[in-house]
Each structure stands twice: as structure tokens, then as C-alpha cells.
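Just below is one structure, and these are the notes that go with it.
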Amino acid sequence: MSSPEHHVRAARNGTSGPVVAVTGAADGIGALLTERLAASPEIRQVIALDERRGETEGVEWHTLDVRDPALADRLRTGDAGGEPADVVVHLALDLDLESDPETRTAFNVRGTQTVLTAAAAAGVRRVVLCTSAMVYGALPDNEIPLAEDAELRATAEATGVGDLLEIERLAQRAPRAHPGLDVTVLRPAVLVGGMDTALTRYFESPRLLVVAGSRPCWQFCHVEDLVSALEYAVLEKVDGELAVGCDGWLEQEEVEELSGIRRMELPSAVAFGAAARLHRLGLTPSPAGDLAYTMYPWVVSGSRLHDAGWRPKWTNEEVLAELLEEAEGRHAVAGRRLGRKDAATTLGAAGATVALVGTAALVRRARRRRGR
């Protein structure tokens, strides 16, 4: 009996569109993109790569670690002698808050290096990478909105941002190291839609932490919009460095009004000092550097995608509503998820002890353990 993959290839023999390989195709954004490309009449064939087989049918699956040098052979249809993919979309990244930072960096950086090298060796002409608009940095003097070609001024102090900056550097060097290889990079705003990040956990707190004197501006990007933007890059409707997000942004006051969550305002020294201490003690997954992204603007224009005809389907208000729905029933303090017992203690007995201050008891408990 012929396979579903065979039927898809046969049905698309007359299609002149690209052959596309997707890493990280079994889960998350990779799975959504793989499914979308598999259903598109503009795509000739999809090669799906991950450490396990996903659920999307009608694509050619290969299971391997993206750091495996054998990846170059898997970027061809059928076997090593098959047709090379035209485009590789690299989405096999570990951005889990709970991951060991050194292990996470080793996977993200080495994986991207291997993908770029393997793509060049296989004869692929375009690689699409996905980082984050966080690479621009959250700074008080940022323009609102930032242009795509704005300087990347982030530091490695926030979760995963050091990895993303290194991926950006690899993207810049790749065309020189591999002539003929085009690299496109997408930089989404705060991703929402089944995502778990320090920024989505911000909305799981009983109060919204606001650092005194700061001016937060919130811009979101729904994963569905990111997937449609990735498809634009696959079809070569856009190239270069591309920012992705909802049109415009929300001021902190608008976020508070829409969410119904009141603020807890703290002095900068208190907020950063407590965040650094809690992270150092291993009580929260978020380093103090994550706070900057809730303090200062890092809104992006997305003009290059707009000029190509792409438009987001989601508004900031709609994405915030979905984020709040996803966060319902969850409780986090300083990025640390709380169980029911912890939540009852923190939210009930310490209604005023919220956000970073709400973890003071955890600090005392850790100190007592260390003193034994």
C-alpha cells in the first residue's frame, strides 16, 4: 500500500512551489507551520524533522537531533541522493524557562550552527530563523516603534536572549561563510498562544508589577500570525530581518483596564534586588534581566512585512484576552508557578505581598535550609 507521503508527492508533481524542510516540526510553532505548509497548494513537498515523529500527515518525516551532522542528508527528499529542500525553517529551539541555561545554550547555538552548515552542504538556498524582538533590547530611549534595522542593543541578562543574540550573529555570518545561502530572520513580539515565557507568566500574578518611573508598552504576536509570516518568508515574499507583531501597542494603563488586574508599584532598586536574590537562590526561573522587558518599550513596526502585503489577523486587545484566558487558574509570583497550596498562602494570607515581594517567605525558608 502506498503511503500518505507518496500520495501528496504524486498530487504535487505539477506544483512549481518550493520543497520546505521544517525543524522542530513535531510540537509548538513547528507543528503549526508544518501543518499549514502541508495543506498549501503553493508548497511542493514538506520535510519534517524532529527528535520524534509528529502527527501531521502527508509530509516526509525524519527523526533526529538537529545537532546531528547527518542532518545534511535529511534535507533532501527520499534519501541522500534526492532533491534538496529549497528552504529550511529552523524552529527546533529550547526556550523553556525551567531548562538548565548551559544545556539550553548548547542546544540552541550548536543546533543553529549545524542547520546552517547542513543547509549549505545540501544545496539549500534559503534558511529561515526565528528569534525575538527582545534582541532589540528594552531601553528607556528606544524609539516607538523600532524599525527593523534598529541596532540590536539587548544584553544576555534575560532568559534565552543571549542564545537569540548568538543566533542573530550566526545569521549575519552565514552568507559570507556559505556564498549563495540566503538567511531570513523573523523577530516576533511577545508570543501568545500556548506559550510559556517569563512575559506570559507576568499576567499570572495577582498584581501586575510596575517598576516606579518606568513606561511599559505592550505589543503581542499571536502564534497564528507568526506562522503566516513564516509562510511569507518560505514563499520568498519577504527577506532579511523581519519584525512580527500586532499593529500598534498598549500602554500599561490600558493593559490594567483590559485585564482588570491592579498594579503593584515598587522602586527600581527593590524590584531588581529582590529579583536577582530570588533567582540566585534558585527560587524563580527568571533572572533580574527579564524585568527590563516589563519596564521599557521594545515595540516594533513590522514595516517590511506590511510592505509585502502581510497583515496580522489579531489585535493586541484580542491577544491579551486570549492570554488572560490561558492564564486563568494559574498563579505565578516573580515568574515562579505556584501550586494550589502555595497560591492559597500567597494570595490569601499575603494579599498585599504580591509580585516580587510575595516571595519573601520563600527567601527566608531557603536561608533556614542553608543554615542547617
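We label chains A, B, ... in the order they appear in the C-alpha cells, count residues from 1 in each chain, and number ligands from 1 in the order shown.
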Let's see if you can do this: from backbone DSSP, list all strand (DSSP E) residues in segment 4-242 of chain A, as a count of residues only. 45
List as a ChimeraX atom specification the protein and nucleic acid residues near Leu291 of chain A, meaning an atom at most 10 Å away when only C-alpha atoms are counted, but skip any in the same chain fewer than 6 places from it. /A:138,157-158,198-199,202,209-211,268,271-272,275,334
Next, write the just-selected residues to a file, as a PDB file, in the first residue's frame, keeping C-alpha atoms as the atom set.
```
ATOM      1  CA  ALA A 138      14.174  47.049  26.263  1.00  0.00           C
ATOM      2  CA  GLU A 157      20.799  39.153  31.059  1.00  0.00           C
ATOM      3  CA  ALA A 158      17.252  37.994  30.229  1.00  0.00           C
ATOM      4  CA  ALA A 198       8.587  34.972  31.588  1.00  0.00           C
ATOM      5  CA  LEU A 199       6.429  37.570  29.829  1.00  0.00           C
ATOM      6  CA  TYR A 202       3.705  38.182  34.140  1.00  0.00           C
ATOM      7  CA  LEU A 209       4.404  44.564  38.892  1.00  0.00           C
ATOM      8  CA  VAL A 210       5.271  48.063  37.717  1.00  0.00           C
ATOM      9  CA  VAL A 211       8.700  49.494  38.455  1.00  0.00           C
ATOM     10  CA  SER A 268      13.665  50.014  40.863  1.00  0.00           C
ATOM     11  CA  ALA A 271      12.471  45.184  42.296  1.00  0.00           C
ATOM     12  CA  PHE A 272      15.852  44.361  40.747  1.00  0.00           C
ATOM     13  CA  ALA A 275      14.559  39.507  41.523  1.00  0.00           C
ATOM     14  CA  ALA A 334       8.134  36.583  40.071  1.00  0.00           C
TER      15      ALA A 334
END
```
So that I can check the surroundings of Glu83 of chain A, please list as JSON, numbers by chain every protein, DNA and RNA residue that reaches within 12 Å of it, counting only C-alpha atoms and ignoring chain neighbours fewer than 5 positions away. {"A": [18, 19, 20, 21, 44, 45, 46, 47, 72, 73, 74, 75, 76, 77, 78, 122, 123, 124]}
Using DSSP secondary structure from the backbone, list all helix (DSSP H, G or I) positions within segment 38-195 of chain A, as a VMD selection string. chain A and resid 38 71 to 74 101 to 122 133 to 136 161 to 177
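The space separating atom CA of Trp310 of chain A from atom CA of Thr200 of chain A comes to 25.2 Å.
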Applying 9 Å and only C-alpha atoms, which residues near Arg53 of chain A remain after dropping the ones on its own chain fewer than 5 positions away? List them as a ChimeraX atom specification. /A:25-26,48,61-63
Skipping near chain neighbours, those fewer than 2 positions away, what residues fall within 12 Å of Asp196 of chain A using only C-alpha atoms, listed as a ChimeraX atom specification? /A:28,94-98,190-194,198-204,285,323,326-327,330,332,335-337
I want to know what sits within 9 Å of Cys221 of chain A, based on only C-alpha atoms, with residues of the same chain fewer than 5 positions away left out; could you give that as number ranges by chain? A: 188-193, 226, 244-246, 312, 314-316, 319
Could you write out the selected residues, including C-alpha atoms, as an mmCIF file, in the first residue's frame?
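Output contents, as saved in result33.cif:
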```
data_model
loop_
_atom_site.group_PDB
_atom_site.id
_atom_site.type_symbol
_atom_site.label_atom_id
_atom_site.label_comp_id
_atom_site.auth_asym_id
_atom_site.auth_seq_id
_atom_site.Cartn_x
_atom_site.Cartn_y
_atom_site.Cartn_z
ATOM 1 C CA PRO A 188 8.193 38.270 16.927
ATOM 2 C CA ALA A 189 6.891 40.434 19.771
ATOM 3 C CA VAL A 190 5.536 38.782 22.965
ATOM 4 C CA LEU A 191 4.326 35.413 21.668
ATOM 5 C CA VAL A 192 0.927 34.186 22.819
ATOM 6 C CA GLY A 193 -0.980 31.022 22.013
ATOM 7 C CA LEU A 226 3.852 34.263 13.298
ATOM 8 C CA VAL A 244 6.336 40.448 13.546
ATOM 9 C CA GLY A 245 3.572 41.642 15.819
ATOM 10 C CA CYS A 246 0.138 43.142 16.185
ATOM 11 C CA PRO A 312 -1.784 40.405 11.350
ATOM 12 C CA TRP A 314 -5.053 39.506 15.642
ATOM 13 C CA THR A 315 -5.130 42.806 17.528
ATOM 14 C CA ASN A 316 -3.248 43.451 20.769
ATOM 15 C CA VAL A 319 -4.295 38.535 22.008
#
```
